[in-house]
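Structure first, commentary second.
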Amino acid sequence: MSKYLVLIFQDEVATKEVAGETVSADYQAFMQRRGRSLLGGAALEPAETATSIRRDGSGGFSVTDGPFAESKETLGGYYLIEAADLDEALEIAKEVPAGAGVEVRPVRVAS
Amino acid sequence: MPAASSQVAAAVAEAHRREWAFVLAATMRIAGDIDTAEEAVQDAYASALSTWGTRGIPENPGAWLTVTARRRAMDMHRRAATAQRALPKLLDPEVQLLDDPGRETEDITDDRLRLIFTCCHPALALDAQVALTLRLLCGLSTADVARAFLLPEATMAARITRAKKKIAAAHIPYRVPAASELRERVDGVLSVVYLVYTTGHTAPSGANLMRRDLAERGHELARMLRVLLPGDRDVAGLLALVLLTDARRGARLDEHRELVLMENQDRSKWDRSAIDEGVALLREALNLRPPGRFALMAAIAAVHDESKSWSDTDWQEILGLYDLLMETWSSPVVKLNRAIALGFAVGHAEGLAELDALGAEPRLARYPYLAAARADFLTRLGRFDEARVAFEEALILTENDTERRYLRSRLSELME
């Protein structure tokens with residue numbers, strides 16, 4: 001079995017109103033259905049609450065308001081899942097009721 | 001009995017061409033990852049060169065090479081295991097290292113099918129799918145793949161390495177997809193094979209009109225798929241399309257190696273046996289309702305192949321087939337070809353109007369055949385000034401030297 005991080009992207013402008021409430025019925029259904037494959041996960045506060053820290057190259061940091069990469073779709077949450085292979089991981093990821101879509105990244109295994 | 005070295009070299013070359021995919025795919029189960037499998041198979045071919053010279057050429061070179069490559073892969077694993085290196089990545093180690101013969105007989109799927117679905121996995125970029133397919137299924141070296149796409153070898157090597165890394169890191173599986181996704185995945189494989197074929201049939205750039213090596217590889221891949229998926233009508237459609245298109249290749253260049261358009265081709269040079277085989281396959285492919293895009297494209301090619309002359313061409317039939325194709329596959333290129341068919345079925349002015357409407361299509365903005373088709377219809381309509389401009393535009397966009405010479409000759413005719 002392999003682990004994958006499913007990064008959930010959403011268009012914040014479009015989904016603003018929904019934020020804050022309890023977990024939506026869609027997500028509850030998803031977690032019920034795929035519970036055995038889910039190792040963890042969380043929803044995140046909107047990107048406007050993000051703080052980014054960049055190394056300035058001389059030992060210090062520059063701290064800025066906002067997400068690390070500016071884009072229309074922002075990271076809204078994640079799941080850590082376990083799957084036999086990429087095909088199964090993609091199958092699970094397709095069921096995530098995300099707004100814009102998801103990115104599936106294999107978790108690196110120490111060799 | 002010992003064999004002459006020239007015979008051995010020829011036998012190894014032949015086995016390389018015919019059996020590479022089979023040997024590599026069968027070795028993958030034991031090797032677990034692509035690099036180990038490739039190395040083991042390369043070693044097997046190298047030892048064939050020496051062993052076959054002293055012990056004679058085996059009756060079944062593919063089986064000999066497979067046994068040798070698998071043994072080599074096993075050795076490499078033992079060595080790796082003692083060196084405490086990482087375990088194989090592609091397969092569950094318990095399954096593949098056992099190499100249980102019972103499992104093999106039970107599982108009759110040809111390993112080449114698994115290999116091609118791994119190479120053409122949608123999680124890989126299309127250019128990487130093409131490169132991996134040529135390298136792993138056709139046995140082309142990275143340098144050959146790079147040459148086929150006129151890219152520096154380092155660029156191609158990086159592309160292949162990156163794809164292999166993703167297969168290992170993301171655990172792209174080595175298996176035939178489940179029935180629920182099979183249609184879609186087969187379509188992806190067919191797209192890759194068709195791209196290999198068309199890139200060879202009319203090279204997008206370079207000195208020659210065709211890159212026969214690529215076209216032949218595409219042809220062989222289509223044949224391999226036909227063997228591996230004999231009941232699949234889309235596969236039959238693709239092989240039909242390749243045969244029906246390739247049948248005309250002997251007439252596409254004149255004795256000076258200049259381009260001859262279909263209108264002026266000597267149809268006696270078309271390959272009748274390829275056409276017959278293609279038409280038989282096409283019948284089978286058309287049993288699928290609605291017919292797939294490759295079957296429809298093959299049907300269009302068949303109308304041309306079976307016309308006695310250009311003036312006999314049944315353009316109404318071709319236009320009807322394009323209309324059907326548009327329902328399943330309305331790509332900008334299909335729209336362009338439909339507009340050309342309309343120009344011959346209905347009238348040059350009507351075809352030209354459709355082509356002009358496609359000028360706004362961003363994906364055709366740099367597509368030379370749009371300008372070339374406009375230039376041709378404008379010439380037929382006697383609008384020579386506009387035709388000249390269109391030919392000049394096509395010349396700017398065309399990167400194939402043979403096609404450029406053809407366009408230049410059409411342009412100079414208009415200058416007189």
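Following the order of the structure tokens, chains are lettered A, B, ..., residues in each are numbered from 1, and ligands are numbered from 1.
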Practice prompt. Residues of chain B no more than 6 Å from chain A, counting only C-alpha atoms: send them over as a PyMOL selection string.
Written response: chain B and resi 86+170-173
Residues just named, written with N, CA, C and O atoms as an mmCIF file, in the first residue's frame:
```
data_model
loop_
_atom_site.group_PDB
_atom_site.id
_atom_site.type_symbol
_atom_site.label_atom_id
_atom_site.label_comp_id
_atom_site.auth_asym_id
_atom_site.auth_seq_id
_atom_site.Cartn_x
_atom_site.Cartn_y
_atom_site.Cartn_z
ATOM 1 N N ALA B 86 17.218 -0.436 -1.972
ATOM 2 C CA ALA B 86 15.766 -0.315 -1.920
ATOM 3 C C ALA B 86 15.101 -1.501 -2.622
ATOM 4 O O ALA B 86 15.635 -2.053 -3.568
ATOM 5 N N ALA B 170 4.886 7.455 -7.878
ATOM 6 C CA ALA B 170 3.432 7.561 -7.724
ATOM 7 C C ALA B 170 2.769 6.188 -7.787
ATOM 8 O O ALA B 170 1.566 6.088 -7.670
ATOM 9 N N HIS B 171 3.566 5.146 -7.992
ATOM 10 C CA HIS B 171 3.023 3.779 -8.096
ATOM 11 C C HIS B 171 1.992 3.660 -9.199
ATOM 12 O O HIS B 171 0.862 3.225 -8.982
ATOM 13 N N ILE B 172 2.367 4.074 -10.380
ATOM 14 C CA ILE B 172 1.505 3.840 -11.534
ATOM 15 C C ILE B 172 1.523 2.332 -11.770
ATOM 16 O O ILE B 172 2.592 1.738 -11.897
ATOM 17 N N PRO B 173 0.361 1.696 -11.775
ATOM 18 C CA PRO B 173 0.349 0.229 -11.748
ATOM 19 C C PRO B 173 0.758 -0.409 -13.069
ATOM 20 O O PRO B 173 0.654 0.202 -14.132
#
```
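By only C-alpha atoms, and with residues fewer than 2 positions from Ala98 of chain A along its chain excluded, the set lying at most 12 Å from it is Val6, Leu7, Ile8, Phe9, Gln10, Asp11, Glu12, Thr15, Ser24, Asp26, Tyr27, Phe30, Ala43, Glu73, Thr74, Leu75, Gly76, Gly77, Tyr78, Tyr79, Ala93, Lys94, Glu95, Val96, Ala100, Gly101, Val102 and Glu103 of chain A.
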Writer output for current selection, N, CA and C atoms, as a short mmCIF file (atom, residue, chain, number, x, y, z; two decimals), in the first residue's frame:
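To be explicit, this is the file written out as result.cif:
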```
data_model
loop_
_atom_site.label_atom_id
_atom_site.label_comp_id
_atom_site.auth_asym_id
_atom_site.auth_seq_id
_atom_site.Cartn_x
_atom_site.Cartn_y
_atom_site.Cartn_z
N VAL A 6 -3.94 14.09 -0.87
CA VAL A 6 -4.90 14.66 -1.82
C VAL A 6 -5.13 16.11 -1.41
N LEU A 7 -4.64 17.03 -2.23
CA LEU A 7 -4.77 18.46 -1.93
C LEU A 7 -6.03 18.98 -2.61
N ILE A 8 -6.88 19.59 -1.80
CA ILE A 8 -8.18 20.02 -2.32
C ILE A 8 -8.11 21.51 -2.66
N PHE A 9 -8.38 21.82 -3.93
CA PHE A 9 -8.33 23.21 -4.35
C PHE A 9 -9.73 23.74 -4.59
N GLN A 10 -9.90 24.98 -4.22
CA GLN A 10 -11.21 25.57 -4.46
C GLN A 10 -11.08 27.03 -4.87
N ASP A 11 -12.11 27.47 -5.55
CA ASP A 11 -12.19 28.88 -5.91
C ASP A 11 -12.86 29.58 -4.74
N GLU A 12 -12.04 30.32 -3.96
CA GLU A 12 -12.57 30.86 -2.70
C GLU A 12 -13.70 31.85 -2.91
N THR A 15 -16.81 29.88 -3.26
CA THR A 15 -17.26 29.01 -2.15
C THR A 15 -17.28 29.73 -0.81
N SER A 24 -19.92 19.52 5.34
CA SER A 24 -21.10 19.36 4.50
C SER A 24 -21.48 17.90 4.35
N ASP A 26 -22.00 16.27 1.69
CA ASP A 26 -21.21 15.61 0.65
C ASP A 26 -19.92 15.02 1.23
N TYR A 27 -19.23 15.82 2.04
CA TYR A 27 -17.98 15.36 2.62
C TYR A 27 -18.23 14.23 3.61
N PHE A 30 -18.70 11.15 1.68
CA PHE A 30 -17.42 10.69 1.13
C PHE A 30 -16.60 9.99 2.21
N ALA A 43 -10.02 20.50 6.86
CA ALA A 43 -10.36 21.66 6.04
C ALA A 43 -9.55 22.83 6.57
N GLU A 73 -7.34 29.39 -7.70
CA GLU A 73 -7.74 28.29 -6.84
C GLU A 73 -6.74 28.17 -5.70
N THR A 74 -7.24 28.07 -4.50
CA THR A 74 -6.33 27.98 -3.36
C THR A 74 -6.58 26.67 -2.62
N LEU A 75 -5.58 26.31 -1.83
CA LEU A 75 -5.66 25.09 -1.04
C LEU A 75 -6.74 25.26 0.01
N GLY A 76 -7.71 24.37 0.00
CA GLY A 76 -8.82 24.49 0.95
C GLY A 76 -8.84 23.39 1.98
N GLY A 77 -8.04 22.35 1.75
CA GLY A 77 -8.03 21.23 2.68
C GLY A 77 -7.24 20.09 2.10
N TYR A 78 -7.16 19.00 2.84
CA TYR A 78 -6.40 17.86 2.34
C TYR A 78 -6.89 16.57 2.97
N TYR A 79 -6.59 15.49 2.31
CA TYR A 79 -6.73 14.16 2.91
C TYR A 79 -5.42 13.44 2.73
N ALA A 93 -9.69 9.91 -5.12
CA ALA A 93 -9.59 11.37 -5.22
C ALA A 93 -10.72 11.96 -6.06
N LYS A 94 -11.17 11.20 -7.07
CA LYS A 94 -12.26 11.69 -7.91
C LYS A 94 -13.55 11.83 -7.12
N GLU A 95 -13.65 11.11 -6.01
CA GLU A 95 -14.87 11.15 -5.23
C GLU A 95 -14.88 12.29 -4.21
N VAL A 96 -13.73 12.96 -4.03
CA VAL A 96 -13.68 14.08 -3.08
C VAL A 96 -14.58 15.18 -3.63
N ALA A 100 -13.04 23.05 -7.07
CA ALA A 100 -12.36 23.15 -8.36
C ALA A 100 -11.71 21.83 -8.77
N GLY A 101 -11.15 21.10 -7.84
CA GLY A 101 -10.46 19.85 -8.17
C GLY A 101 -9.41 19.53 -7.12
N VAL A 102 -8.70 18.46 -7.36
CA VAL A 102 -7.70 18.04 -6.38
C VAL A 102 -6.38 17.73 -7.07
N GLU A 103 -5.32 17.75 -6.28
CA GLU A 103 -4.02 17.30 -6.77
C GLU A 103 -3.62 16.10 -5.91
#
```
Practice prompt. Enumerate the residues of segment 105-324 of chain B with a DSSP assignment of strand (DSSP E or B), computed from the backbone, and present them as a PyMOL selection string.
Written response: chain B and resi 205-206+253+259
With N, CA and C atoms retained, could you export that selection as an mmCIF file, in the first residue's frame?
```cif
data_model
loop_
_atom_site.group_PDB
_atom_site.id
_atom_site.type_symbol
_atom_site.label_atom_id
_atom_site.label_comp_id
_atom_site.auth_asym_id
_atom_site.auth_seq_id
_atom_site.Cartn_x
_atom_site.Cartn_y
_atom_site.Cartn_z
ATOM 1 N N SER B 205 8.203 18.389 -39.210
ATOM 2 C CA SER B 205 9.321 19.254 -39.609
ATOM 3 C C SER B 205 10.444 18.389 -40.159
ATOM 4 N N GLY B 206 11.468 19.047 -40.680
ATOM 5 C CA GLY B 206 12.631 18.318 -41.157
ATOM 6 C C GLY B 206 12.687 18.222 -42.668
ATOM 7 N N LEU B 253 5.288 10.621 -53.243
ATOM 8 C CA LEU B 253 6.445 11.374 -53.744
ATOM 9 C C LEU B 253 6.699 10.961 -55.189
ATOM 10 N N LEU B 259 6.533 16.276 -53.446
ATOM 11 C CA LEU B 259 5.201 15.916 -52.948
ATOM 12 C C LEU B 259 4.180 15.828 -54.087
#
```
For Glu386 of chain B, work out the shell of residues within 8 Å, counting only C-alpha atoms and skipping chain neighbours fewer than 4 positions away, then give it as a PDB file with C-alpha atoms, in the first residue's frame.
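As a result, out.pdb now contains:
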```
ATOM      1  CA  ALA B 375      -4.853  28.938 -50.706  1.00  0.00           C
ATOM      2  CA  LEU B 378      -8.827  30.503 -53.528  1.00  0.00           C
ATOM      3  CA  ALA B 390      -2.519  32.401 -48.181  1.00  0.00           C
TER       4      ALA B 390
END
```
Worksheet item: If you count only C-alpha atoms, which residues fall within 12 Å of Arg55 of chain B, apart from same-chain ones fewer than 5 positions away, as an MDAnalysis selection string?
Response: chainID B and resid 1:5 8 47:50
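One distance worth recording is that between atom CA of Trp20 of chain B and atom CA of Gln42 of chain B, which is 9.5 Å.
Proximity to segment 65-72 of chain A at 6 Å, evaluated using only C-alpha atoms and with sequence-adjacent residues fewer than 3 positions away removed, yields Ala47, Glu48, Ala50, Thr51 and Ser52 of chain A.
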Selection from above, N, CA and C atoms, as a CSV table (one decimal), in the first residue's frame, can you write it?
```
chain,number,residue,atom,x,y,z
A,47,ALA,N,-7.5,31.2,2.3
A,47,ALA,CA,-6.1,31.6,2.0
A,47,ALA,C,-5.8,33.0,2.5
A,48,GLU,N,-6.8,33.8,2.7
A,48,GLU,CA,-6.5,35.2,3.2
A,48,GLU,C,-6.0,35.2,4.6
A,50,ALA,N,-3.7,33.1,5.5
A,50,ALA,CA,-2.4,32.4,5.4
A,50,ALA,C,-1.2,33.4,5.6
A,51,THR,N,-0.2,32.9,6.1
A,51,THR,CA,1.1,33.7,6.3
A,51,THR,C,2.2,32.9,5.6
A,52,SER,N,3.0,33.5,4.8
A,52,SER,CA,4.1,32.8,4.1
A,52,SER,C,5.4,33.3,4.6
```
